[in-house]
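data18.cif follows (mmCIF, N, CA and C atoms):
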data_protein
#
loop_
_atom_site.label_atom_id
_atom_site.label_comp_id
_atom_site.auth_asym_id
_atom_site.auth_seq_id
_atom_site.Cartn_x
_atom_site.Cartn_y
_atom_site.Cartn_z
N MET A 573 1.28 -6.31 -13.03
CA MET A 573 0.13 -5.66 -13.62
C MET A 573 -1.08 -5.90 -12.72
N ILE A 574 -1.76 -4.85 -12.36
CA ILE A 574 -2.91 -4.99 -11.48
C ILE A 574 -4.20 -5.30 -12.22
N LEU A 575 -4.19 -5.14 -13.53
CA LEU A 575 -5.39 -5.41 -14.32
C LEU A 575 -5.21 -6.68 -15.13
N ASP A 576 -6.28 -7.45 -15.21
CA ASP A 576 -6.31 -8.66 -16.03
C ASP A 576 -7.18 -8.33 -17.24
N LEU A 577 -6.53 -7.95 -18.34
CA LEU A 577 -7.26 -7.46 -19.51
C LEU A 577 -8.07 -8.53 -20.23
N SER A 578 -7.98 -9.78 -19.78
CA SER A 578 -8.86 -10.81 -20.33
C SER A 578 -10.27 -10.71 -19.74
N LYS A 579 -10.44 -9.93 -18.67
CA LYS A 579 -11.74 -9.73 -18.04
C LYS A 579 -12.35 -8.42 -18.57
N PRO A 580 -13.59 -8.46 -19.05
CA PRO A 580 -14.20 -7.24 -19.60
C PRO A 580 -14.22 -6.05 -18.64
N ALA A 581 -14.50 -6.27 -17.37
CA ALA A 581 -14.52 -5.15 -16.42
C ALA A 581 -13.14 -4.52 -16.27
N HIS A 582 -12.10 -5.34 -16.31
CA HIS A 582 -10.73 -4.83 -16.21
C HIS A 582 -10.33 -4.08 -17.48
N GLU A 583 -10.76 -4.59 -18.62
CA GLU A 583 -10.48 -3.90 -19.88
C GLU A 583 -11.16 -2.53 -19.89
N ALA A 584 -12.41 -2.48 -19.42
CA ALA A 584 -13.12 -1.21 -19.33
C ALA A 584 -12.42 -0.26 -18.36
N ALA A 585 -11.93 -0.80 -17.24
CA ALA A 585 -11.21 0.02 -16.27
C ALA A 585 -9.92 0.58 -16.88
N ALA A 586 -9.21 -0.22 -17.65
CA ALA A 586 -7.98 0.25 -18.30
C ALA A 586 -8.27 1.42 -19.23
N THR A 587 -9.36 1.32 -19.97
CA THR A 587 -9.76 2.41 -20.87
C THR A 587 -10.08 3.67 -20.07
N ARG A 588 -10.84 3.49 -19.01
CA ARG A 588 -11.20 4.65 -18.18
C ARG A 588 -9.98 5.29 -17.54
N LEU A 589 -9.02 4.48 -17.11
CA LEU A 589 -7.82 5.02 -16.49
C LEU A 589 -7.00 5.85 -17.48
N LYS A 590 -7.13 5.57 -18.74
CA LYS A 590 -6.46 6.38 -19.76
C LYS A 590 -7.25 7.65 -20.10
N GLU A 591 -8.60 7.55 -20.07
CA GLU A 591 -9.44 8.62 -20.59
C GLU A 591 -10.04 9.55 -19.54
N GLU A 592 -10.35 9.05 -18.36
CA GLU A 592 -10.99 9.89 -17.34
C GLU A 592 -10.06 11.05 -16.97
N THR A 593 -10.65 12.19 -16.63
CA THR A 593 -9.84 13.35 -16.24
C THR A 593 -9.71 13.50 -14.73
N ILE A 594 -10.60 12.88 -13.97
CA ILE A 594 -10.58 13.01 -12.51
C ILE A 594 -10.54 11.63 -11.87
N ILE A 595 -9.66 11.49 -10.89
CA ILE A 595 -9.65 10.32 -10.02
C ILE A 595 -9.61 10.85 -8.59
N TRP A 596 -10.21 10.12 -7.67
CA TRP A 596 -10.19 10.53 -6.27
C TRP A 596 -8.99 9.89 -5.58
N LEU A 597 -8.15 10.73 -4.99
CA LEU A 597 -6.98 10.29 -4.24
C LEU A 597 -7.29 10.41 -2.76
N THR A 598 -7.14 9.32 -2.03
CA THR A 598 -7.33 9.33 -0.58
C THR A 598 -5.99 9.12 0.09
N THR A 599 -5.63 10.10 0.91
CA THR A 599 -4.43 10.03 1.73
C THR A 599 -4.88 10.00 3.19
N VAL A 600 -3.94 9.77 4.08
CA VAL A 600 -4.24 9.80 5.51
C VAL A 600 -3.34 10.86 6.14
N ASN A 601 -3.96 11.85 6.78
CA ASN A 601 -3.15 12.93 7.33
C ASN A 601 -2.37 12.45 8.56
N PRO A 602 -1.41 13.24 9.03
CA PRO A 602 -0.59 12.80 10.15
C PRO A 602 -1.37 12.45 11.43
N LYS A 603 -2.60 12.94 11.57
CA LYS A 603 -3.43 12.61 12.73
C LYS A 603 -4.27 11.36 12.50
N GLY A 604 -4.14 10.74 11.31
CA GLY A 604 -4.86 9.50 11.03
C GLY A 604 -6.19 9.67 10.33
N GLN A 605 -6.55 10.90 9.93
CA GLN A 605 -7.83 11.14 9.27
C GLN A 605 -7.70 10.97 7.75
N PRO A 606 -8.50 10.09 7.15
CA PRO A 606 -8.49 9.98 5.68
C PRO A 606 -8.99 11.28 5.04
N GLN A 607 -8.36 11.64 3.94
CA GLN A 607 -8.72 12.84 3.19
C GLN A 607 -8.82 12.46 1.72
N SER A 608 -9.98 12.65 1.11
CA SER A 608 -10.17 12.35 -0.31
C SER A 608 -10.24 13.64 -1.11
N SER A 609 -9.54 13.66 -2.24
CA SER A 609 -9.50 14.85 -3.09
C SER A 609 -9.59 14.42 -4.55
N PRO A 610 -10.37 15.15 -5.36
CA PRO A 610 -10.36 14.89 -6.80
C PRO A 610 -9.06 15.46 -7.38
N VAL A 611 -8.38 14.67 -8.20
CA VAL A 611 -7.11 15.12 -8.78
C VAL A 611 -7.04 14.76 -10.26
N TRP A 612 -6.22 15.50 -10.98
CA TRP A 612 -5.88 15.16 -12.36
C TRP A 612 -4.75 14.14 -12.30
N PHE A 613 -4.69 13.25 -13.27
CA PHE A 613 -3.72 12.16 -13.19
C PHE A 613 -3.37 11.62 -14.58
N LEU A 614 -2.25 10.96 -14.64
CA LEU A 614 -1.86 10.15 -15.80
C LEU A 614 -1.62 8.74 -15.31
N TRP A 615 -2.07 7.78 -16.08
CA TRP A 615 -1.84 6.36 -15.82
C TRP A 615 -1.08 5.81 -17.00
N ASP A 616 0.09 5.23 -16.76
CA ASP A 616 0.89 4.69 -17.85
C ASP A 616 0.86 3.16 -17.92
N GLY A 617 -0.02 2.55 -17.14
CA GLY A 617 -0.11 1.10 -17.09
C GLY A 617 0.70 0.49 -15.96
N GLU A 618 1.58 1.28 -15.36
CA GLU A 618 2.42 0.82 -14.26
C GLU A 618 2.26 1.68 -13.01
N GLU A 619 2.15 2.99 -13.21
CA GLU A 619 2.01 3.89 -12.08
C GLU A 619 1.19 5.11 -12.47
N PHE A 620 0.73 5.81 -11.43
CA PHE A 620 -0.03 7.04 -11.61
C PHE A 620 0.89 8.22 -11.35
N LEU A 621 0.68 9.27 -12.12
CA LEU A 621 1.42 10.51 -11.96
C LEU A 621 0.38 11.58 -11.61
N ILE A 622 0.60 12.26 -10.49
CA ILE A 622 -0.33 13.27 -9.97
C ILE A 622 0.53 14.44 -9.49
N TYR A 623 0.04 15.66 -9.67
CA TYR A 623 0.77 16.82 -9.15
C TYR A 623 0.03 17.39 -7.96
N GLY A 624 0.76 17.62 -6.87
CA GLY A 624 0.19 18.19 -5.65
C GLY A 624 0.53 19.67 -5.53
N SER A 625 -0.40 20.42 -4.95
CA SER A 625 -0.20 21.85 -4.79
C SER A 625 0.91 22.16 -3.78
N LYS A 626 1.46 23.35 -3.90
CA LYS A 626 2.59 23.69 -3.03
C LYS A 626 2.18 23.88 -1.58
N THR A 627 0.92 24.17 -1.29
CA THR A 627 0.50 24.41 0.08
C THR A 627 -0.56 23.42 0.57
N GLY A 628 -0.95 22.46 -0.26
CA GLY A 628 -2.01 21.54 0.11
C GLY A 628 -1.54 20.44 1.05
N PRO A 629 -2.50 19.67 1.57
CA PRO A 629 -2.17 18.64 2.56
C PRO A 629 -1.67 17.31 1.97
N LYS A 630 -1.79 17.10 0.66
CA LYS A 630 -1.43 15.78 0.11
C LYS A 630 0.03 15.43 0.34
N THR A 631 0.92 16.36 0.07
CA THR A 631 2.35 16.06 0.17
C THR A 631 2.76 15.70 1.60
N PRO A 632 2.41 16.51 2.62
CA PRO A 632 2.80 16.10 3.98
C PRO A 632 2.12 14.81 4.41
N SER A 633 0.88 14.58 3.95
CA SER A 633 0.20 13.33 4.31
C SER A 633 0.93 12.13 3.73
N ILE A 634 1.35 12.22 2.49
CA ILE A 634 2.06 11.12 1.84
C ILE A 634 3.42 10.90 2.50
N ARG A 635 4.06 11.97 2.87
CA ARG A 635 5.35 11.81 3.55
C ARG A 635 5.17 11.12 4.90
N SER A 636 4.05 11.37 5.54
CA SER A 636 3.76 10.76 6.83
C SER A 636 3.30 9.31 6.69
N ASN A 637 2.50 9.04 5.66
CA ASN A 637 1.94 7.70 5.43
C ASN A 637 1.76 7.51 3.92
N PRO A 638 2.61 6.73 3.27
CA PRO A 638 2.57 6.61 1.82
C PRO A 638 1.45 5.73 1.27
N ARG A 639 0.67 5.09 2.14
CA ARG A 639 -0.42 4.24 1.66
C ARG A 639 -1.60 5.11 1.24
N VAL A 640 -2.06 4.90 0.01
CA VAL A 640 -3.13 5.73 -0.56
C VAL A 640 -4.16 4.86 -1.27
N GLY A 641 -5.29 5.47 -1.55
CA GLY A 641 -6.32 4.85 -2.37
C GLY A 641 -6.65 5.77 -3.53
N LEU A 642 -7.02 5.16 -4.65
CA LEU A 642 -7.48 5.88 -5.83
C LEU A 642 -8.81 5.28 -6.26
N ASN A 643 -9.77 6.13 -6.63
CA ASN A 643 -11.09 5.66 -7.00
C ASN A 643 -11.63 6.46 -8.17
N LEU A 644 -12.21 5.74 -9.14
CA LEU A 644 -12.97 6.39 -10.20
C LEU A 644 -14.44 6.35 -9.81
N ASP A 645 -15.17 7.38 -10.18
CA ASP A 645 -16.61 7.39 -9.94
C ASP A 645 -17.25 6.21 -10.64
N GLY A 646 -18.29 5.67 -10.03
CA GLY A 646 -19.06 4.57 -10.63
C GLY A 646 -20.03 5.08 -11.67
N ASN A 647 -20.82 4.17 -12.20
CA ASN A 647 -21.76 4.53 -13.26
C ASN A 647 -23.12 4.98 -12.74
N GLY A 648 -23.26 5.13 -11.44
CA GLY A 648 -24.52 5.57 -10.85
C GLY A 648 -25.52 4.45 -10.63
N ARG A 649 -25.17 3.23 -11.04
CA ARG A 649 -26.06 2.08 -10.90
C ARG A 649 -25.36 0.92 -10.18
N GLY A 650 -24.28 1.23 -9.47
CA GLY A 650 -23.57 0.21 -8.72
C GLY A 650 -22.49 -0.52 -9.50
N GLY A 651 -22.22 -0.09 -10.72
CA GLY A 651 -21.18 -0.71 -11.53
C GLY A 651 -20.12 0.31 -11.93
N GLY A 652 -19.17 -0.15 -12.71
CA GLY A 652 -18.11 0.74 -13.16
C GLY A 652 -17.21 1.19 -12.03
N ILE A 653 -17.14 0.41 -10.97
CA ILE A 653 -16.35 0.78 -9.80
C ILE A 653 -14.89 0.38 -10.02
N VAL A 654 -14.01 1.33 -9.79
CA VAL A 654 -12.56 1.08 -9.86
C VAL A 654 -11.95 1.62 -8.58
N VAL A 655 -11.43 0.71 -7.76
CA VAL A 655 -10.78 1.05 -6.49
C VAL A 655 -9.37 0.50 -6.54
N ILE A 656 -8.41 1.36 -6.29
CA ILE A 656 -7.01 0.95 -6.36
C ILE A 656 -6.32 1.32 -5.05
N GLU A 657 -5.58 0.38 -4.49
CA GLU A 657 -4.75 0.64 -3.32
C GLU A 657 -3.31 0.71 -3.80
N GLY A 658 -2.54 1.63 -3.22
CA GLY A 658 -1.17 1.75 -3.67
C GLY A 658 -0.28 2.45 -2.68
N THR A 659 0.96 2.62 -3.11
CA THR A 659 1.97 3.31 -2.33
C THR A 659 2.42 4.54 -3.10
N ALA A 660 2.40 5.68 -2.44
CA ALA A 660 2.77 6.94 -3.08
C ALA A 660 4.14 7.39 -2.62
N ARG A 661 4.77 8.15 -3.48
CA ARG A 661 6.04 8.78 -3.11
C ARG A 661 6.12 10.13 -3.79
N ILE A 662 6.79 11.06 -3.15
CA ILE A 662 7.03 12.37 -3.74
C ILE A 662 8.34 12.27 -4.51
N ASP A 663 8.27 12.51 -5.81
CA ASP A 663 9.44 12.42 -6.68
C ASP A 663 10.05 13.81 -6.82
N GLU A 664 10.99 14.11 -5.94
CA GLU A 664 11.61 15.44 -5.91
C GLU A 664 12.39 15.75 -7.20
N ALA A 665 12.88 14.72 -7.87
CA ALA A 665 13.69 14.92 -9.08
C ALA A 665 12.87 14.79 -10.36
N GLY A 666 11.58 14.55 -10.22
CA GLY A 666 10.73 14.33 -11.40
C GLY A 666 10.47 15.61 -12.17
N PRO A 667 9.94 15.47 -13.37
CA PRO A 667 9.69 16.62 -14.22
C PRO A 667 8.52 17.47 -13.72
N ALA A 668 8.60 18.76 -13.99
CA ALA A 668 7.47 19.65 -13.74
C ALA A 668 6.35 19.29 -14.70
N LEU A 669 5.11 19.55 -14.33
CA LEU A 669 4.00 19.19 -15.20
C LEU A 669 4.09 19.88 -16.55
N SER A 670 4.72 21.04 -16.61
CA SER A 670 4.89 21.75 -17.88
C SER A 670 5.85 21.04 -18.82
N GLU A 671 6.56 20.02 -18.33
CA GLU A 671 7.52 19.26 -19.15
C GLU A 671 7.00 17.89 -19.55
N VAL A 672 5.78 17.53 -19.13
CA VAL A 672 5.23 16.20 -19.39
C VAL A 672 4.21 16.30 -20.53
N ASN A 673 4.66 15.95 -21.73
CA ASN A 673 3.81 16.12 -22.92
C ASN A 673 2.48 15.40 -22.82
N ASP A 674 2.46 14.18 -22.29
CA ASP A 674 1.19 13.45 -22.17
C ASP A 674 0.24 14.16 -21.21
N TYR A 675 0.77 14.74 -20.16
CA TYR A 675 -0.05 15.49 -19.21
C TYR A 675 -0.65 16.72 -19.89
N LEU A 676 0.18 17.43 -20.64
CA LEU A 676 -0.30 18.63 -21.34
C LEU A 676 -1.30 18.27 -22.42
N ALA A 677 -1.11 17.14 -23.10
CA ALA A 677 -2.08 16.71 -24.11
C ALA A 677 -3.43 16.41 -23.47
N LYS A 678 -3.41 15.80 -22.30
CA LYS A 678 -4.65 15.43 -21.63
C LYS A 678 -5.34 16.64 -20.99
N TYR A 679 -4.57 17.54 -20.40
CA TYR A 679 -5.14 18.61 -19.58
C TYR A 679 -4.92 20.03 -20.11
N GLY A 680 -4.29 20.16 -21.27
CA GLY A 680 -3.97 21.51 -21.79
C GLY A 680 -5.17 22.44 -21.84
N ALA A 681 -6.29 21.98 -22.37
CA ALA A 681 -7.48 22.84 -22.47
C ALA A 681 -8.02 23.18 -21.09
N MET A 682 -7.95 22.23 -20.16
CA MET A 682 -8.44 22.49 -18.81
C MET A 682 -7.50 23.45 -18.07
N ILE A 683 -6.21 23.33 -18.31
CA ILE A 683 -5.25 24.26 -17.71
C ILE A 683 -5.57 25.68 -18.17
N GLU A 684 -5.72 25.84 -19.47
CA GLU A 684 -6.03 27.15 -20.03
C GLU A 684 -7.40 27.65 -19.54
N GLY A 685 -8.37 26.75 -19.48
CA GLY A 685 -9.71 27.11 -19.04
C GLY A 685 -9.77 27.56 -17.59
N ASN A 686 -8.79 27.16 -16.80
CA ASN A 686 -8.71 27.57 -15.40
C ASN A 686 -7.79 28.79 -15.21
N GLY A 687 -7.36 29.39 -16.32
CA GLY A 687 -6.58 30.62 -16.24
C GLY A 687 -5.09 30.45 -16.03
N TRP A 688 -4.60 29.23 -16.18
CA TRP A 688 -3.16 28.98 -16.05
C TRP A 688 -2.52 28.86 -17.42
N THR A 689 -1.21 28.95 -17.42
CA THR A 689 -0.38 28.42 -18.49
C THR A 689 0.25 27.17 -17.89
N PRO A 690 0.84 26.30 -18.69
CA PRO A 690 1.52 25.15 -18.09
C PRO A 690 2.58 25.57 -17.05
N GLU A 691 3.26 26.66 -17.32
CA GLU A 691 4.31 27.12 -16.41
C GLU A 691 3.73 27.64 -15.09
N THR A 692 2.62 28.42 -15.15
CA THR A 692 2.05 28.93 -13.90
C THR A 692 1.39 27.82 -13.10
N MET A 693 0.80 26.84 -13.77
CA MET A 693 0.24 25.72 -13.03
C MET A 693 1.35 24.91 -12.38
N ALA A 694 2.47 24.75 -13.08
CA ALA A 694 3.61 24.02 -12.51
C ALA A 694 4.12 24.72 -11.25
N GLN A 695 4.03 26.03 -11.20
CA GLN A 695 4.43 26.76 -9.99
C GLN A 695 3.45 26.50 -8.85
N ASP A 696 2.16 26.41 -9.17
CA ASP A 696 1.13 26.18 -8.15
C ASP A 696 1.07 24.72 -7.71
N TYR A 697 1.47 23.79 -8.60
CA TYR A 697 1.43 22.35 -8.33
C TYR A 697 2.82 21.74 -8.58
N PRO A 698 3.77 22.02 -7.69
CA PRO A 698 5.15 21.60 -7.94
C PRO A 698 5.51 20.19 -7.48
N HIS A 699 4.63 19.54 -6.70
CA HIS A 699 4.99 18.25 -6.11
C HIS A 699 4.52 17.09 -6.99
N LEU A 700 5.47 16.38 -7.57
CA LEU A 700 5.15 15.21 -8.37
C LEU A 700 4.94 14.02 -7.45
N ILE A 701 3.72 13.50 -7.49
CA ILE A 701 3.35 12.33 -6.69
C ILE A 701 3.26 11.15 -7.64
N ARG A 702 3.99 10.09 -7.33
CA ARG A 702 3.91 8.86 -8.11
C ARG A 702 3.26 7.80 -7.22
N VAL A 703 2.24 7.14 -7.76
CA VAL A 703 1.55 6.10 -7.02
C VAL A 703 1.75 4.78 -7.74
N THR A 704 2.32 3.82 -7.04
CA THR A 704 2.48 2.47 -7.55
C THR A 704 1.33 1.63 -6.98
N PRO A 705 0.45 1.12 -7.84
CA PRO A 705 -0.67 0.32 -7.34
C PRO A 705 -0.21 -1.06 -6.91
N ASN A 706 -0.88 -1.60 -5.88
CA ASN A 706 -0.57 -2.97 -5.48
C ASN A 706 -1.82 -3.84 -5.40
N LYS A 707 -2.99 -3.25 -5.55
CA LYS A 707 -4.23 -4.03 -5.54
C LYS A 707 -5.32 -3.23 -6.25
N ALA A 708 -6.15 -3.93 -7.00
CA ALA A 708 -7.30 -3.29 -7.65
C ALA A 708 -8.54 -4.11 -7.38
N ARG A 709 -9.63 -3.40 -7.12
CA ARG A 709 -10.95 -4.04 -7.00
C ARG A 709 -11.83 -3.37 -8.05
N ILE A 710 -12.35 -4.17 -8.95
CA ILE A 710 -13.11 -3.64 -10.09
C ILE A 710 -14.38 -4.43 -10.24
N TRP A 711 -15.50 -3.71 -10.37
CA TRP A 711 -16.77 -4.36 -10.65
C TRP A 711 -17.73 -3.41 -11.29
#
Translate the structure described by the file into structure tokens.
Amino acid sequence: MILDLSKPAHEAAATRLKEETIIWLTTVNPKGQPQSSPVWFLWDGEEFLIYGSKTGPKTPSIRSNPRVGLNLDGNGRGGGIVVIEGTARIDEAGPALSEVNDYLAKYGAMIEGNGWTPETMAQDYPHLIRVTPNKARIW
């Protein structure tokens, strides 16, 4: 477990990881350039579930270098910082986003608001990215 829930800042981070809709995923492209992108995500307390687009750079970057960073926005006053380092993998056998009830519960209205159905979004974002965290910095 990367969070120590006996610490108030970690407890707050755990809540945010369940409730926030956007986290920043930083990958490193094959030429060594870091690339940060806002992504939708699920956190189950053990790993992050993220879907990558069929033509975007995240999937080839992760295949080239699985080390990634995840960051939640701060509170604008230097606090509420959540930085996570982890290892990503593309789960070729994993479920489509249209089959993940927790994902649909969290993002269903946003999916519809962006003109998708769960099935059409799953076609546009077919790559299941799983991130296993190995370090967290929270303040």
Practice problem: Within 12 Å of stretch 638-642 of chain A, counting only C-alpha atoms, which residues show up once you throw out same-chain ones fewer than 2 positions away? Write them as a ChimeraX atom specification, please. | Solution: /A:589,594-602,604,606-613,615,619-622,630-636,644-645,653-662,701-710
Based on the selection just made, write N, CA and C atoms of those residues as a compact mmCIF listing (two decimals), in the coordinates of the input.
# COMPACT_ATOMS: atom_id res chain seq x y z
N LEU A 589 -9.02 4.48 -17.11
CA LEU A 589 -7.82 5.02 -16.49
C LEU A 589 -7.00 5.85 -17.48
N ILE A 594 -10.60 12.88 -13.97
CA ILE A 594 -10.58 13.01 -12.51
C ILE A 594 -10.54 11.63 -11.87
N ILE A 595 -9.66 11.49 -10.89
CA ILE A 595 -9.65 10.32 -10.02
C ILE A 595 -9.61 10.85 -8.59
N TRP A 596 -10.21 10.12 -7.67
CA TRP A 596 -10.19 10.53 -6.27
C TRP A 596 -8.99 9.89 -5.58
N LEU A 597 -8.15 10.73 -4.99
CA LEU A 597 -6.98 10.29 -4.24
C LEU A 597 -7.29 10.41 -2.76
N THR A 598 -7.14 9.32 -2.03
CA THR A 598 -7.33 9.33 -0.58
C THR A 598 -5.99 9.12 0.09
N THR A 599 -5.63 10.10 0.91
CA THR A 599 -4.43 10.03 1.73
C THR A 599 -4.88 10.00 3.19
N VAL A 600 -3.94 9.77 4.08
CA VAL A 600 -4.24 9.80 5.51
C VAL A 600 -3.34 10.86 6.14
N ASN A 601 -3.96 11.85 6.78
CA ASN A 601 -3.15 12.93 7.33
C ASN A 601 -2.37 12.45 8.56
N PRO A 602 -1.41 13.24 9.03
CA PRO A 602 -0.59 12.80 10.15
C PRO A 602 -1.37 12.45 11.43
N GLY A 604 -4.14 10.74 11.31
CA GLY A 604 -4.86 9.50 11.03
C GLY A 604 -6.19 9.67 10.33
N PRO A 606 -8.50 10.09 7.15
CA PRO A 606 -8.49 9.98 5.68
C PRO A 606 -8.99 11.28 5.04
N GLN A 607 -8.36 11.64 3.94
CA GLN A 607 -8.72 12.84 3.19
C GLN A 607 -8.82 12.46 1.72
N SER A 608 -9.98 12.65 1.11
CA SER A 608 -10.17 12.35 -0.31
C SER A 608 -10.24 13.64 -1.11
N SER A 609 -9.54 13.66 -2.24
CA SER A 609 -9.50 14.85 -3.09
C SER A 609 -9.59 14.42 -4.55
N PRO A 610 -10.37 15.15 -5.36
CA PRO A 610 -10.36 14.89 -6.80
C PRO A 610 -9.06 15.46 -7.38
N VAL A 611 -8.38 14.67 -8.20
CA VAL A 611 -7.11 15.12 -8.78
C VAL A 611 -7.04 14.76 -10.26
N TRP A 612 -6.22 15.50 -10.98
CA TRP A 612 -5.88 15.16 -12.36
C TRP A 612 -4.75 14.14 -12.30
N PHE A 613 -4.69 13.25 -13.27
CA PHE A 613 -3.72 12.16 -13.19
C PHE A 613 -3.37 11.62 -14.58
N TRP A 615 -2.07 7.78 -16.08
CA TRP A 615 -1.84 6.36 -15.82
C TRP A 615 -1.08 5.81 -17.00
N GLU A 619 2.15 2.99 -13.21
CA GLU A 619 2.01 3.89 -12.08
C GLU A 619 1.19 5.11 -12.47
N PHE A 620 0.73 5.81 -11.43
CA PHE A 620 -0.03 7.04 -11.61
C PHE A 620 0.89 8.22 -11.35
N LEU A 621 0.68 9.27 -12.12
CA LEU A 621 1.42 10.51 -11.96
C LEU A 621 0.38 11.58 -11.61
N ILE A 622 0.60 12.26 -10.49
CA ILE A 622 -0.33 13.27 -9.97
C ILE A 622 0.53 14.44 -9.49
N LYS A 630 -1.79 17.10 0.66
CA LYS A 630 -1.43 15.78 0.11
C LYS A 630 0.03 15.43 0.34
N THR A 631 0.92 16.36 0.07
CA THR A 631 2.35 16.06 0.17
C THR A 631 2.76 15.70 1.60
N PRO A 632 2.41 16.51 2.62
CA PRO A 632 2.80 16.10 3.98
C PRO A 632 2.12 14.81 4.41
N SER A 633 0.88 14.58 3.95
CA SER A 633 0.20 13.33 4.31
C SER A 633 0.93 12.13 3.73
N ILE A 634 1.35 12.22 2.49
CA ILE A 634 2.06 11.12 1.84
C ILE A 634 3.42 10.90 2.50
N ARG A 635 4.06 11.97 2.87
CA ARG A 635 5.35 11.81 3.55
C ARG A 635 5.17 11.12 4.90
N SER A 636 4.05 11.37 5.54
CA SER A 636 3.76 10.76 6.83
C SER A 636 3.30 9.31 6.69
N LEU A 644 -12.21 5.74 -9.14
CA LEU A 644 -12.97 6.39 -10.20
C LEU A 644 -14.44 6.35 -9.81
N ASP A 645 -15.17 7.38 -10.18
CA ASP A 645 -16.61 7.39 -9.94
C ASP A 645 -17.25 6.21 -10.64
N ILE A 653 -17.14 0.41 -10.97
CA ILE A 653 -16.35 0.78 -9.80
C ILE A 653 -14.89 0.38 -10.02
N VAL A 654 -14.01 1.33 -9.79
CA VAL A 654 -12.56 1.08 -9.86
C VAL A 654 -11.95 1.62 -8.58
N VAL A 655 -11.43 0.71 -7.76
CA VAL A 655 -10.78 1.05 -6.49
C VAL A 655 -9.37 0.50 -6.54
N ILE A 656 -8.41 1.36 -6.29
CA ILE A 656 -7.01 0.95 -6.36
C ILE A 656 -6.32 1.32 -5.05
N GLU A 657 -5.58 0.38 -4.49
CA GLU A 657 -4.75 0.64 -3.32
C GLU A 657 -3.31 0.71 -3.80
N GLY A 658 -2.54 1.63 -3.22
CA GLY A 658 -1.17 1.75 -3.67
C GLY A 658 -0.28 2.45 -2.68
N THR A 659 0.96 2.62 -3.11
CA THR A 659 1.97 3.31 -2.33
C THR A 659 2.42 4.54 -3.10
N ALA A 660 2.40 5.68 -2.44
CA ALA A 660 2.77 6.94 -3.08
C ALA A 660 4.14 7.39 -2.62
N ARG A 661 4.77 8.15 -3.48
CA ARG A 661 6.04 8.78 -3.11
C ARG A 661 6.12 10.13 -3.79
N ILE A 662 6.79 11.06 -3.15
CA ILE A 662 7.03 12.37 -3.74
C ILE A 662 8.34 12.27 -4.51
N ILE A 701 3.72 13.50 -7.49
CA ILE A 701 3.35 12.33 -6.69
C ILE A 701 3.26 11.15 -7.64
N ARG A 702 3.99 10.09 -7.33
CA ARG A 702 3.91 8.86 -8.11
C ARG A 702 3.26 7.80 -7.22
N VAL A 703 2.24 7.14 -7.76
CA VAL A 703 1.55 6.10 -7.02
C VAL A 703 1.75 4.78 -7.74
N THR A 704 2.32 3.82 -7.04
CA THR A 704 2.48 2.47 -7.55
C THR A 704 1.33 1.63 -6.98
N PRO A 705 0.45 1.12 -7.84
CA PRO A 705 -0.67 0.32 -7.34
C PRO A 705 -0.21 -1.06 -6.91
N ASN A 706 -0.88 -1.60 -5.88
CA ASN A 706 -0.57 -2.97 -5.48
C ASN A 706 -1.82 -3.84 -5.40
N LYS A 707 -2.99 -3.25 -5.55
CA LYS A 707 -4.23 -4.03 -5.54
C LYS A 707 -5.32 -3.23 -6.25
N ALA A 708 -6.15 -3.93 -7.00
CA ALA A 708 -7.30 -3.29 -7.65
C ALA A 708 -8.54 -4.11 -7.38
N ARG A 709 -9.63 -3.40 -7.12
CA ARG A 709 -10.95 -4.04 -7.00
C ARG A 709 -11.83 -3.37 -8.05
N ILE A 710 -12.35 -4.17 -8.95
CA ILE A 710 -13.11 -3.64 -10.09
C ILE A 710 -14.38 -4.43 -10.24
Quiz item: Could you pull out the strand (DSSP E or B) residues of stretch 595-701 of chain A from DSSP and send them as a PyMOL selection string?
Solution: chain A and resi 595-600+606-611+614-615+620-624+639-644+654-662+699-701
Self-check item: DSSP-assigned alpha helix (DSSP H) among chain A, expressed as number ranges by chain
Solution: A: 580-591, 630-636, 673-685, 690-696
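Atom CA of A:Trp711 is positioned 5.8 Å from atom CA of A:Gly652.
You will find atom CA of A:Ala581 at 9.4 Å from atom CA of A:Gly651.
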Practice problem: Enter the distance from atom C of A:Ala668 to atom N of A:Ala584, in Å, rounded to one decimal. | Solution: 29.1 Å
